[in-house]
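Q: My structure file upload.cif, mmCIF, C-alpha atoms, is below:
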data_protein
loop_
_atom_site.label_atom_id
_atom_site.label_comp_id
_atom_site.auth_asym_id
_atom_site.auth_seq_id
_atom_site.Cartn_x
_atom_site.Cartn_y
_atom_site.Cartn_z
CA MET M 1 0.00 0.00 0.00
CA ARG M 2 2.73 2.48 0.97
CA ARG M 3 4.54 1.65 -2.22
CA ALA M 4 1.50 2.40 -4.33
CA ALA M 5 0.97 5.68 -2.48
CA ARG M 6 4.54 6.68 -3.17
CA GLY M 7 4.03 5.90 -6.85
CA ARG M 8 0.99 8.13 -6.92
CA LEU M 9 2.88 10.94 -5.23
CA ALA M 10 5.67 10.56 -7.79
CA ILE M 11 3.16 11.35 -10.52
CA ILE M 12 1.18 14.08 -8.83
CA ALA M 13 4.10 16.05 -7.36
CA PRO M 14 5.82 17.02 -10.65
CA LEU M 15 2.48 17.84 -12.27
CA ALA M 16 1.46 20.11 -9.41
CA ALA M 17 4.92 21.71 -9.27
CA GLY M 18 4.79 22.34 -13.02
CA ALA M 19 1.35 23.92 -12.83
CA LEU M 20 2.41 26.17 -9.94
CA ALA M 21 5.58 27.22 -11.76
CA LEU M 22 3.54 28.13 -14.83
CA LEU M 23 1.10 30.17 -12.79
CA ALA M 24 3.93 31.92 -10.92
CA THR M 25 5.83 32.95 -14.06
CA GLY M 26 2.62 33.85 -15.86
CA CYS M 27 1.95 36.93 -13.77
CA SER M 28 5.08 38.77 -14.82
CA SER M 29 6.07 37.67 -18.32
CA SER M 30 5.24 39.36 -21.59
CA SER M 31 2.75 37.86 -23.99
CA ASN M 32 2.42 37.31 -27.70
CA LEU M 33 -1.17 38.53 -27.43
CA THR M 34 -0.20 42.01 -28.62
CA PRO M 35 -2.48 44.84 -29.74
CA GLY M 36 -0.85 44.73 -33.19
CA ARG M 37 -1.78 41.13 -33.84
CA LEU M 38 -5.29 41.58 -32.49
CA GLN M 39 -5.88 44.75 -34.53
CA ALA M 40 -4.65 43.19 -37.77
CA SER M 41 -6.85 40.12 -37.30
CA LEU M 42 -9.96 41.95 -36.12
CA GLY M 43 -9.77 44.60 -38.87
CA ALA M 44 -9.51 42.04 -41.66
CA THR M 45 -12.14 39.73 -40.18
CA PHE M 46 -14.57 42.60 -39.72
CA ALA M 47 -14.09 43.68 -43.35
CA ASN M 48 -14.91 40.18 -44.62
CA LEU M 49 -17.99 39.95 -42.42
CA TYR M 50 -19.19 43.46 -43.33
CA VAL M 51 -19.05 42.47 -47.01
CA LEU M 52 -21.12 39.39 -46.15
CA GLN M 53 -23.61 41.47 -44.14
CA GLN M 54 -24.14 43.92 -47.00
CA SER M 55 -24.68 41.11 -49.50
CA GLU M 56 -27.17 39.36 -47.16
CA MET M 57 -29.12 42.60 -46.74
CA GLY M 58 -29.29 42.92 -50.51
CA ASN M 59 -27.31 46.17 -50.52
CA PRO M 60 -24.97 47.18 -53.36
CA PRO M 61 -21.81 45.06 -53.23
CA VAL M 62 -18.74 46.36 -51.37
CA THR M 63 -15.26 44.90 -51.26
CA ALA M 64 -13.12 44.19 -48.21
CA VAL M 65 -10.19 46.08 -49.76
CA GLY M 66 -12.36 49.12 -50.47
CA LEU M 67 -13.44 49.30 -46.81
CA ASP M 68 -9.80 49.77 -45.74
CA SER M 69 -10.84 48.83 -42.20
CA GLN M 70 -8.41 49.65 -39.36
CA ALA M 71 -8.88 48.39 -35.83
CA SER M 72 -7.54 50.17 -32.77
CA CYS M 73 -7.64 48.28 -29.50
CA GLN M 74 -7.00 49.12 -25.87
CA LYS M 75 -7.22 46.91 -22.86
CA GLY M 76 -9.90 48.01 -20.43
CA GLY M 77 -9.51 48.65 -16.72
CA THR M 78 -7.15 50.94 -14.89
CA LEU M 79 -4.75 53.30 -16.64
CA ASP M 80 -1.63 51.30 -15.75
CA VAL M 81 -2.98 48.02 -17.15
CA VAL M 82 -0.47 46.16 -19.36
CA GLN M 83 -1.53 46.50 -22.99
CA SER M 84 -1.14 42.82 -23.89
CA GLY M 85 -2.48 39.42 -22.94
CA SER M 86 -5.86 37.80 -22.61
CA GLY M 87 -8.93 39.54 -21.22
CA VAL M 88 -11.36 42.18 -22.36
CA TRP M 89 -10.16 44.67 -24.97
CA LEU M 90 -12.07 47.67 -26.29
CA CYS M 91 -11.71 48.06 -30.02
CA GLU M 92 -12.77 50.67 -32.54
CA ILE M 93 -12.85 49.73 -36.20
CA THR M 94 -12.71 52.58 -38.69
CA TYR M 95 -13.92 51.75 -42.19
CA LEU M 96 -14.89 53.61 -45.32
CA VAL M 97 -18.30 53.17 -46.91
CA ALA M 98 -18.60 56.43 -48.90
CA GLY M 99 -15.08 57.40 -49.80
CA PRO M 100 -12.08 58.49 -47.73
CA GLY M 101 -13.84 61.60 -46.43
CA TYR M 102 -16.48 59.72 -44.49
CA PRO M 103 -15.02 57.18 -42.10
CA VAL M 104 -17.46 55.15 -40.00
CA ILE M 105 -16.54 53.75 -36.60
CA ALA M 106 -17.85 50.47 -35.18
CA LYS M 107 -17.13 49.59 -31.55
CA TYR M 108 -16.53 46.17 -30.04
CA ASN M 109 -15.93 44.59 -26.66
CA VAL M 110 -13.39 41.89 -27.47
CA ASN M 111 -12.85 38.95 -25.16
CA VAL M 112 -9.40 37.60 -26.06
CA GLN M 113 -8.54 34.10 -24.91
CA THR M 114 -5.08 32.82 -24.12
CA ASP M 115 -4.84 30.83 -27.38
CA GLY M 116 -5.29 33.91 -29.58
CA CYS M 117 -8.96 33.33 -30.31
CA TYR M 118 -11.41 36.08 -29.51
CA ALA M 119 -15.12 36.82 -29.42
CA ALA M 120 -15.95 40.43 -30.35
CA ASP M 121 -19.32 41.72 -29.14
CA GLY M 122 -20.86 44.56 -31.11
CA ASP M 123 -21.13 47.79 -29.07
CA GLY M 124 -22.53 50.19 -31.61
CA PRO M 125 -23.64 51.74 -33.82
CA ALA M 126 -26.83 49.75 -33.31
CA SER M 127 -27.72 49.76 -37.00
CA VAL M 128 -24.49 47.91 -37.82
CA ASN M 129 -23.73 45.51 -34.97
CA GLY M 130 -26.49 46.05 -32.40
CA SER M 131 -28.83 43.26 -33.41
CA PRO M 132 -28.17 39.50 -33.59
CA THR M 133 -30.23 39.18 -36.76
CA ILE M 134 -30.65 41.30 -39.87
CA THR M 135 -33.45 41.48 -42.42
CA GLY M 136 -32.60 40.26 -45.87
CA PRO M 137 -34.58 40.57 -49.09
CA GLY M 138 -38.16 39.34 -48.61
CA TYR M 139 -38.07 40.16 -44.87
CA LYS M 140 -36.06 37.03 -44.20
CA GLN M 141 -34.25 37.07 -40.85
CA VAL M 142 -30.64 35.90 -41.01
CA VAL M 143 -27.70 35.93 -38.60
CA ASN M 144 -26.01 39.35 -38.45
CA PRO M 145 -22.38 38.46 -39.29
CA VAL M 146 -20.89 41.47 -37.46
CA TYR M 147 -22.99 41.23 -34.27
CA LEU M 148 -20.67 38.63 -32.75
CA ILE M 149 -17.29 38.11 -34.41
CA ASP M 150 -15.30 34.93 -33.76
CA GLY M 151 -11.71 35.10 -34.90
CA CYS M 152 -8.22 33.84 -34.15
CA PHE M 153 -4.66 35.02 -34.66
CA ASP M 154 -1.31 33.30 -34.43
CA THR M 155 0.45 33.60 -31.08
CA THR M 156 3.52 31.51 -31.90
CA MET X 157 9.49 -40.22 -45.26
CA SER X 158 8.00 -41.37 -42.01
CA LEU X 159 4.62 -42.93 -41.68
CA ALA X 160 3.24 -40.13 -39.47
CA ALA X 161 4.13 -37.41 -41.90
CA ASP X 162 2.53 -39.44 -44.68
CA ARG X 163 -0.74 -39.96 -42.87
CA TRP X 164 -1.31 -36.55 -41.39
CA PRO X 165 0.54 -34.06 -43.53
CA ALA X 166 -1.94 -31.27 -42.87
CA PHE X 167 -1.71 -31.80 -39.13
CA VAL X 168 2.08 -31.80 -39.15
CA GLU X 169 2.19 -28.62 -41.22
CA ARG X 170 -0.24 -26.78 -38.99
CA GLU X 171 1.70 -27.83 -35.95
CA ALA X 172 4.88 -26.47 -37.48
CA THR X 173 3.48 -23.02 -38.27
CA ALA X 174 1.74 -22.70 -34.91
CA ARG X 175 4.92 -23.35 -32.99
CA LYS X 176 7.11 -21.05 -35.08
CA PRO X 177 8.79 -18.53 -32.75
CA VAL X 178 7.44 -15.08 -33.51
CA GLY X 179 10.11 -12.71 -32.17
CA PRO X 180 9.51 -9.51 -30.18
CA VAL X 181 7.60 -7.67 -32.94
CA GLY X 182 5.41 -10.68 -33.66
CA GLY X 183 4.88 -11.17 -29.94
CA THR X 184 3.81 -7.56 -29.55
CA LEU X 185 1.33 -8.01 -32.37
CA VAL X 186 -0.05 -11.14 -30.71
CA VAL X 187 -0.65 -9.19 -27.48
CA TRP X 188 -2.07 -6.28 -29.50
CA ARG X 189 -4.59 -8.58 -31.22
CA VAL X 190 -5.64 -10.24 -27.99
CA GLU X 191 -6.05 -6.87 -26.25
CA LEU X 192 -8.16 -5.55 -29.14
CA LEU X 193 -10.38 -8.63 -28.90
CA LYS X 194 -10.76 -8.04 -25.17
CA LEU X 195 -11.63 -4.38 -25.81
CA ALA X 196 -14.20 -5.29 -28.43
CA GLY X 197 -15.98 -7.42 -25.86
CA LYS X 198 -16.24 -4.67 -23.25
CA ILE X 199 -19.66 -3.16 -22.64
CA LEU X 200 -18.15 0.29 -22.01
CA VAL X 201 -16.21 0.26 -25.28
CA ARG X 202 -19.24 -0.89 -27.25
CA GLY X 203 -21.32 1.77 -25.54
CA MET X 204 -18.84 4.49 -26.52
CA ILE X 205 -18.86 3.31 -30.13
CA VAL X 206 -22.67 3.29 -30.26
CA LEU X 207 -22.77 6.74 -28.64
CA SER X 208 -20.30 8.07 -31.23
CA LEU X 209 -22.51 6.71 -33.97
CA ILE X 210 -25.78 8.26 -32.79
CA GLY X 211 -24.54 11.14 -30.60
CA PRO X 212 -23.79 13.63 -33.41
CA PHE X 213 -27.21 13.13 -34.97
CA MET X 214 -28.82 13.65 -31.55
CA VAL X 215 -26.88 16.92 -31.24
CA VAL X 216 -28.22 18.03 -34.64
CA GLU X 217 -31.78 17.16 -33.61
CA PHE X 218 -31.32 18.99 -30.32
CA LEU X 219 -30.01 22.09 -32.12
CA ASN X 220 -32.92 21.99 -34.55
CA LEU X 221 -35.42 21.96 -31.70
CA GLN X 222 -34.26 25.30 -30.32
CA SER X 223 -33.75 28.69 -31.89
CA ALA X 224 -30.91 29.72 -29.57
CA THR X 225 -27.36 28.98 -30.65
CA PRO X 226 -24.31 27.99 -28.58
CA GLY X 227 -22.77 31.39 -29.26
CA ASP X 228 -19.90 31.14 -26.77
CA THR X 229 -18.07 28.56 -28.90
CA PRO X 230 -16.47 29.47 -32.24
CA PHE X 231 -18.83 28.46 -35.08
CA GLY X 232 -21.65 28.16 -32.53
CA GLN X 233 -23.67 31.06 -33.95
CA TRP X 234 -23.64 29.46 -37.43
CA VAL X 235 -25.11 26.06 -36.54
CA HIS X 236 -28.46 26.96 -38.09
CA THR X 237 -26.82 28.52 -41.14
CA SER X 238 -24.37 25.84 -42.23
CA GLY X 239 -24.01 22.13 -41.49
CA PHE X 240 -20.22 22.49 -41.39
CA ALA X 241 -20.52 24.60 -38.24
CA ILE X 242 -21.95 21.60 -36.36
CA PRO X 243 -18.89 19.30 -36.28
CA MET X 244 -16.69 22.31 -35.50
CA THR X 245 -18.94 23.42 -32.63
CA ILE X 246 -18.84 19.89 -31.20
CA LEU X 247 -15.05 19.81 -31.53
CA GLY X 248 -14.61 23.28 -30.04
CA PHE X 249 -16.91 22.48 -27.15
CA GLY X 250 -15.76 19.00 -26.29
CA ALA X 251 -12.32 18.13 -27.67
CA GLN X 252 -10.39 19.13 -24.55
CA TRP X 253 -12.28 16.87 -22.17
CA ILE X 254 -14.31 14.34 -24.21
CA LEU X 255 -11.29 13.00 -26.13
CA PRO X 256 -9.10 12.54 -23.01
CA ALA X 257 -12.04 10.81 -21.31
CA ILE X 258 -12.54 8.46 -24.27
CA THR X 259 -8.93 7.32 -24.31
CA GLY X 260 -8.68 7.39 -20.51
CA VAL X 261 -11.45 4.83 -20.12
CA VAL X 262 -9.42 2.31 -22.12
CA ALA X 263 -5.77 3.26 -21.55
CA GLY X 264 -6.30 3.99 -17.85
CA ASP X 265 -7.60 0.46 -17.32
CA ILE X 266 -5.63 -1.69 -19.73
CA TYR X 267 -2.76 -2.42 -17.30
CA SER X 268 -4.45 -2.02 -13.94
CA ALA X 269 -7.29 -4.41 -14.92
CA ASP X 270 -4.73 -7.21 -14.68
CA ASP X 271 -3.85 -6.00 -11.18
CA HIS X 272 -7.51 -5.90 -10.24
CA PHE X 273 -8.16 -9.43 -11.45
CA GLY X 274 -4.75 -10.69 -10.33
CA THR X 275 -3.96 -12.00 -13.79
CA TRP X 276 -0.39 -10.69 -14.31
CA LYS X 277 1.03 -13.97 -13.01
CA THR X 278 -1.04 -15.90 -15.50
CA ILE X 279 -0.10 -13.78 -18.51
CA LEU X 280 3.59 -13.50 -17.70
CA THR X 281 4.04 -17.25 -17.41
CA ARG X 282 3.03 -17.54 -21.06
CA SER X 283 5.48 -17.13 -23.89
CA ARG X 284 5.17 -13.34 -24.06
CA GLY X 285 7.75 -11.26 -22.25
CA ARG X 286 7.20 -8.04 -20.33
CA GLY X 287 8.34 -5.83 -23.19
CA GLU X 288 5.94 -7.49 -25.61
CA LEU X 289 3.09 -7.22 -23.14
CA PHE X 290 3.76 -3.55 -22.41
CA ALA X 291 4.12 -2.62 -26.08
CA GLY X 292 1.14 -4.69 -27.17
CA LYS X 293 -1.17 -3.16 -24.58
CA PHE X 294 0.11 0.36 -25.34
CA LEU X 295 -0.46 -0.25 -29.05
CA ALA X 296 -3.99 -1.54 -28.41
CA ALA X 297 -4.88 1.55 -26.35
CA ALA X 298 -3.44 3.83 -29.04
CA THR X 299 -5.32 1.92 -31.75
CA PHE X 300 -8.57 2.45 -29.89
CA ALA X 301 -7.87 6.19 -29.51
CA VAL X 302 -7.13 6.59 -33.23
CA PHE X 303 -10.17 4.51 -34.14
CA MET X 304 -12.46 6.68 -32.01
CA VAL X 305 -11.11 9.92 -33.52
CA LEU X 306 -11.63 8.55 -37.04
CA LEU X 307 -15.12 7.35 -36.13
CA LEU X 308 -16.07 10.72 -34.64
CA THR X 309 -14.65 12.51 -37.69
CA ALA X 310 -16.91 10.48 -39.93
CA THR X 311 -20.09 10.64 -37.84
CA ASP X 312 -19.77 14.34 -36.91
CA LEU X 313 -19.06 15.25 -40.53
CA PHE X 314 -21.98 13.20 -41.84
CA ALA X 315 -24.32 14.67 -39.21
CA GLY X 316 -23.23 18.13 -40.37
CA LEU X 317 -23.57 17.30 -44.07
CA ALA X 318 -27.03 15.91 -43.43
CA ALA X 319 -28.01 19.22 -41.80
CA GLY X 320 -26.85 21.36 -44.73
CA ARG X 321 -23.95 22.05 -47.08
CA GLU X 322 -24.02 25.83 -47.27
CA PRO X 323 -20.69 27.69 -47.20
CA VAL X 324 -19.57 28.37 -43.65
CA VAL X 325 -18.05 31.53 -42.17
CA GLY X 326 -14.44 30.81 -41.14
CA LEU X 327 -12.50 32.33 -38.26
CA GLY X 328 -11.17 35.08 -40.54
CA GLY X 329 -14.66 36.19 -41.52
CA GLN X 330 -14.20 34.59 -44.94
CA LEU X 331 -16.84 32.35 -46.56
CA VAL X 332 -15.48 28.81 -46.89
CA PRO X 333 -17.13 26.88 -49.73
CA ALA X 334 -18.48 23.39 -49.08
CA GLY X 335 -15.63 21.41 -50.70
CA HIS X 336 -12.88 23.20 -48.82
CA ALA X 337 -14.91 23.19 -45.61
CA THR X 338 -15.17 19.38 -45.76
CA TRP X 339 -11.39 19.09 -45.91
CA LEU X 340 -10.96 21.60 -43.11
CA VAL X 341 -13.36 19.65 -40.88
CA VAL X 342 -11.43 16.43 -41.54
CA ALA X 343 -8.05 18.15 -41.03
CA SER X 344 -9.28 19.74 -37.79
CA TYR X 345 -10.40 16.41 -36.37
CA LEU X 346 -7.21 14.65 -37.45
CA SER X 347 -5.13 17.41 -35.82
CA ASP X 348 -6.48 16.13 -32.49
CA LEU X 349 -4.75 12.76 -32.98
CA PRO X 350 -1.38 13.82 -31.44
CA PRO X 351 -2.89 15.20 -28.21
CA ILE X 352 -5.26 12.25 -27.74
CA LEU X 353 -2.26 9.92 -28.10
CA GLY X 354 -0.49 12.08 -25.53
CA PHE X 355 -3.36 11.55 -23.13
CA THR X 356 -3.27 7.82 -23.97
CA ALA X 357 0.36 7.70 -22.85
CA LEU X 358 -0.51 9.68 -19.71
CA ALA X 359 -3.37 7.29 -18.88
CA VAL X 360 -1.03 4.32 -19.45
CA LEU X 361 1.47 5.82 -17.02
CA LEU X 362 -1.27 6.38 -14.42
CA SER X 363 -2.60 2.86 -14.92
CA VAL X 364 0.83 1.25 -14.58
CA ALA X 365 2.01 3.39 -11.67
CA SER X 366 -1.16 3.27 -9.58
CA ARG X 367 -2.20 -0.30 -10.45
CA ASN X 368 -5.67 1.07 -9.99
CA SER X 369 -8.20 1.71 -12.74
CA VAL X 370 -9.99 4.41 -10.75
CA VAL X 371 -6.77 6.43 -10.70
CA GLY X 372 -5.98 5.47 -14.30
CA ILE X 373 -9.31 6.62 -15.72
CA GLY X 374 -10.34 9.27 -13.20
CA GLY X 375 -6.84 10.72 -12.98
CA THR X 376 -6.69 11.22 -16.74
CA VAL X 377 -10.03 13.02 -16.80
CA VAL X 378 -9.13 15.18 -13.79
CA ILE X 379 -5.78 16.16 -15.33
CA ALA X 380 -7.52 17.02 -18.62
CA VAL X 381 -9.99 19.29 -16.83
CA LEU X 382 -7.17 20.82 -14.74
CA PHE X 383 -5.20 21.61 -17.90
CA GLN X 384 -8.28 23.19 -19.41
CA ILE X 385 -8.66 25.44 -16.34
CA VAL X 386 -4.94 26.31 -16.29
CA THR X 387 -5.25 27.25 -19.99
CA LEU X 388 -7.60 30.06 -18.99
CA ALA X 389 -4.89 31.72 -16.90
CA SER X 390 -2.62 34.26 -18.55
CA MET X 391 0.68 32.51 -19.06
CA PRO X 392 3.77 33.09 -21.17
CA GLU X 393 3.62 31.49 -24.59
CA TRP X 394 5.83 28.52 -23.66
CA GLY X 395 3.54 27.81 -20.70
CA GLN X 396 0.61 27.31 -23.03
CA GLN X 397 2.69 25.26 -25.41
CA VAL X 398 3.86 22.65 -22.91
CA LEU X 399 0.30 21.86 -21.81
CA LEU X 400 -1.09 18.72 -23.38
CA SER X 401 -4.54 20.26 -23.83
CA THR X 402 -3.44 23.21 -25.99
CA PRO X 403 -2.82 21.14 -29.19
CA PHE X 404 -6.50 20.11 -29.12
CA MET X 405 -7.26 23.66 -30.29
CA ALA X 406 -4.51 23.96 -32.93
CA TRP X 407 -7.14 23.60 -35.67
CA HIS X 408 -8.33 27.18 -35.03
CA GLY X 409 -5.50 28.33 -37.28
CA PHE X 410 -6.69 26.15 -40.16
CA TRP X 411 -9.88 28.22 -40.41
CA THR X 412 -8.42 31.73 -40.59
CA SER X 413 -7.54 33.60 -43.76
CA PRO X 414 -4.65 33.19 -44.38
CA ALA X 415 -4.36 30.00 -42.34
CA PHE X 416 -1.59 29.58 -39.75
CA TYR X 417 -0.02 26.34 -38.58
CA GLY X 418 2.40 27.44 -35.85
CA PRO X 419 0.29 26.08 -32.96
CA PHE X 420 -0.10 22.76 -34.79
CA GLY X 421 3.68 22.45 -35.24
CA TRP X 422 4.30 23.25 -31.58
CA GLY X 423 1.57 20.79 -30.65
CA LEU X 424 3.40 18.01 -32.49
CA VAL X 425 6.57 18.72 -30.49
CA THR X 426 4.64 18.92 -27.21
CA CYS X 427 2.70 15.72 -27.82
CA THR X 428 5.78 13.78 -28.93
CA ALA X 429 7.53 14.82 -25.72
CA TRP X 430 4.55 13.81 -23.54
CA ILE X 431 4.20 10.45 -25.31
CA ALA X 432 7.93 9.76 -24.97
CA VAL X 433 8.18 10.77 -21.30
CA CYS X 434 4.96 9.05 -20.15
CA GLY X 435 5.64 5.95 -22.23
CA LEU X 436 9.20 5.64 -20.96
CA ALA X 437 8.21 6.25 -17.34
CA GLY X 438 5.42 3.70 -17.65
CA TRP X 439 7.79 1.11 -19.10
CA LEU X 440 10.45 1.70 -16.44
CA ILE X 441 7.90 1.25 -13.65
CA PHE X 442 6.39 -1.80 -15.34
CA ARG X 443 9.78 -3.43 -15.95
CA ARG X 444 11.01 -3.03 -12.39
CA ARG X 445 7.93 -4.04 -10.49
CA THR X 446 7.68 -7.33 -8.66
CA ILE X 447 4.82 -9.51 -9.76
CA GLY X 448 3.68 -12.42 -7.73
CA ALA X 449 5.32 -11.44 -4.44
CA ALA X 450 3.40 -9.62 -1.75
CA SER X 451 3.59 -5.95 -2.66
#
The structure in this file should be written as structure tokens.
A:
Amino acid sequence: MRRAARGRLAIIAPLAAGALALLATGCSSSSNLTPGRLQASLGATFANLYVLQQSEMGNPPVTAVGLDSQASCQKGGTLDVVQSGSGVWLCEITYLVAGPGYPVIAKYNVNVQTDGCYAADGDGPASVNGSPTITGPGYKQVVNPVYLIDGCFDTT
Amino acid sequence: MSLAADRWPAFVEREATARKPVGPVGGTLVVWRVELLKLAGKILVRGMIVLSLIGPFMVVEFLNLQSATPGDTPFGQWVHTSGFAIPMTILGFGAQWILPAITGVVAGDIYSADDHFGTWKTILTRSRGRGELFAGKFLAAATFAVFMVLLLTATDLFAGLAAGREPVVGLGGQLVPAGHATWLVVASYLSDLPPILGFTALAVLLSVASRNSVVGIGGTVVIAVLFQIVTLASMPEWGQQVLLSTPFMAWHGFWTSPAFYGPFGWGLVTCTAWIAVCGLAGWLIFRRRTIGAAS
């Protein structure tokens, strides 16, 4: 019995030590979850989904390139919060629908996970990303592609 | 030409082939075959296979009954729009704990069952050595894990295809057409093979070291859930990469535009290391232990 217990301890101890070490180092080290990577991914993903939204609503076609969407993200919370890592980010996406003189801004609350995947919740304007469904031709209700945006970026 | 050989040539021939020494590789394969036969007879294994066959279609039916979508999982909001979102939602929701549990049930029991029934003495007095037994059992557990992943790939994909073949929105906001989406679903499921084999090796180590199936199976599941919780914590990049549960999600990169494969590559390294370390530790413990004496 004692022998078996020792065997069990031999397995559990290194695992627990490893987990603790990871948690301890995690609080101080830098992260590959940078604003740059998030902004690049979110901007491009939004553009693709906005094109899809416009086509589903039966509006005149737009192109992702023509939108020239740029995301700008900041991590929420106190002023001295480190601007990297997982958690909730506040992002503004600027895109062009009527030429360079008329930029439109869409806001998102972005929940970034540790693996580089994120879920961006629409936070206005309501006509763009405020409603989970949109009305297509013939009053058909379809999923609003830009209401909730799932995306991922490389963290390696 | 002796009389016996003349009268029963068939018998003599059969005798000769049956007694032919098989060598370590052949011996491993003998153990592997026997273990697979034993697995095929288990109620729990049969139950898991039946559940994998009907489960995905039950999920589709369940999703069809409600208008809400599992929006907190990638692809979840598209389950009513495209059938391809269904296998990916199942994978995103369950890979990190269902797959370790599936392999844990078999690999966490395959050594310790012989402790429970007291059958090591019986097996080891046969012509198969310890190395052959260890390798054969390990191979059988790995075979089952691979088989289950392939089975789930097929059933989840078919359940999705049956629900609809519309293009699906990828993780880069791009529309993925049906043909490409099929390949991406298959590739995503197959990318979970290395981590499930890692958990197989871990369950084998637990089973050998504890000589107890409760620890072998339960320990694997608990460690999988622990890893999943640890994953939520902010850690440096290498911290994420050494965890055995991270490679289960490497397929996320397959679905972006352009796709990225860095996490998958790191996952291969991580899983190989886990398989090697757990396998080696399991073998060292198994080789040194005393069987038959009071322990």
Q: For the structure provided, state which residues fall under the PyMOL selection byres ((chain M and resi 37-41) around 10), and present them as a CSV table (one decimal) with C-alpha atoms, in the frame of the given file.
A:
chain,number,residue,atom,x,y,z
M,32,ASN,CA,2.4,37.3,-27.7
M,33,LEU,CA,-1.2,38.5,-27.4
M,34,THR,CA,-0.2,42.0,-28.6
M,35,PRO,CA,-2.5,44.8,-29.7
M,36,GLY,CA,-0.8,44.7,-33.2
M,42,LEU,CA,-10.0,42.0,-36.1
M,43,GLY,CA,-9.8,44.6,-38.9
M,44,ALA,CA,-9.5,42.0,-41.7
M,45,THR,CA,-12.1,39.7,-40.2
M,46,PHE,CA,-14.6,42.6,-39.7
M,69,SER,CA,-10.8,48.8,-42.2
M,70,GLN,CA,-8.4,49.6,-39.4
M,71,ALA,CA,-8.9,48.4,-35.8
M,72,SER,CA,-7.5,50.2,-32.8
M,73,CYS,CA,-7.6,48.3,-29.5
M,74,GLN,CA,-7.0,49.1,-25.9
M,84,SER,CA,-1.1,42.8,-23.9
M,89,TRP,CA,-10.2,44.7,-25.0
M,91,CYS,CA,-11.7,48.1,-30.0
M,92,GLU,CA,-12.8,50.7,-32.5
M,93,ILE,CA,-12.8,49.7,-36.2
M,110,VAL,CA,-13.4,41.9,-27.5
M,112,VAL,CA,-9.4,37.6,-26.1
M,116,GLY,CA,-5.3,33.9,-29.6
M,117,CYS,CA,-9.0,33.3,-30.3
M,118,TYR,CA,-11.4,36.1,-29.5
M,151,GLY,CA,-11.7,35.1,-34.9
M,152,CYS,CA,-8.2,33.8,-34.2
M,153,PHE,CA,-4.7,35.0,-34.7
M,154,ASP,CA,-1.3,33.3,-34.4
M,155,THR,CA,0.4,33.6,-31.1
X,327,LEU,CA,-12.5,32.3,-38.3
X,328,GLY,CA,-11.2,35.1,-40.5
X,329,GLY,CA,-14.7,36.2,-41.5
X,412,THR,CA,-8.4,31.7,-40.6
X,413,SER,CA,-7.5,33.6,-43.8
Q: If you measure from CA of Pro125 in chain M to CA of Thr94 in chain M, what distance in Å do you get, rounded to one decimal?
A: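 Separation between CA of Pro125 in chain M and CA of Thr94 in chain M: 12.0 Å.
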Q: Let me know the residues the PyMOL selection byres ((chain X) within 7 of (chain M)) catches in the file above, as an mmCIF file with C-alpha atoms, in the frame of the given file.
A:
data_model
loop_
_atom_site.group_PDB
_atom_site.id
_atom_site.type_symbol
_atom_site.label_atom_id
_atom_site.label_comp_id
_atom_site.auth_asym_id
_atom_site.auth_seq_id
_atom_site.Cartn_x
_atom_site.Cartn_y
_atom_site.Cartn_z
ATOM 1 C CA PRO X 230 -16.470 29.470 -32.240
ATOM 2 C CA LEU X 327 -12.500 32.330 -38.260
ATOM 3 C CA GLY X 328 -11.170 35.080 -40.540
ATOM 4 C CA GLY X 329 -14.660 36.190 -41.520
ATOM 5 C CA GLN X 330 -14.200 34.590 -44.940
ATOM 6 C CA ALA X 365 2.010 3.390 -11.670
ATOM 7 C CA SER X 366 -1.160 3.270 -9.580
ATOM 8 C CA THR X 387 -5.250 27.250 -19.990
ATOM 9 C CA LEU X 388 -7.600 30.060 -18.990
ATOM 10 C CA SER X 390 -2.620 34.260 -18.550
ATOM 11 C CA MET X 391 0.680 32.510 -19.060
ATOM 12 C CA PRO X 392 3.770 33.090 -21.170
ATOM 13 C CA GLU X 393 3.620 31.490 -24.590
ATOM 14 C CA GLY X 395 3.540 27.810 -20.700
ATOM 15 C CA HIS X 408 -8.330 27.180 -35.030
ATOM 16 C CA GLY X 409 -5.500 28.330 -37.280
ATOM 17 C CA THR X 412 -8.420 31.730 -40.590
ATOM 18 C CA PHE X 416 -1.590 29.580 -39.750
ATOM 19 C CA GLY X 418 2.400 27.440 -35.850
ATOM 20 C CA PRO X 419 0.290 26.080 -32.960
#
Q: For CA of Val341 in chain X and CA of Gly423 in chain X, quote the distance in Å rounded to one decimal.
A: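 According to the coordinates, CA of Val341 in chain X and CA of Gly423 in chain X are separated by 18.1 Å.
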Q: Once the PyMOL selection byres ((chain X and resi 370) around 12) has been applied to the shown file, what residues remain in the selection, as a PyMOL selection string?
A: chain X and resi 260-269+272+359+362-364+366-369+371-378
Q: Mind listing as a list in words all residues within 10 Å of (-10.0, 21.4, -42.5), counting only C-alpha atoms?
A: Met244, Gly335, His336, Ala337, Thr338, Trp339, Leu340, Val341, Val342, Ala343, Ser344, Tyr345, Leu346, Ser347, Trp407, His408, Gly409, Phe410 and Trp411 of chain X
Q: For Arg321 in chain X, list every protein, DNA or RNA residue within 9 Å, evaluated using only C-alpha atoms, and leave out those in the same chain fewer than 6 positions away; present the list as a count of residues only.
A: 5
Q: Between X:Thr237, X:Thr259, X:Thr311, X:Thr229, which is the closest to Val360 in chain X once you count all atoms listed in the file?
A: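 So, comparing all the options, the nearest one is X:Thr259.
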Q: Could you tell me how far CA of Ile447 in chain X lies from CA of Phe294 in chain X, in Å and to one decimal?
A: 19.0 Å
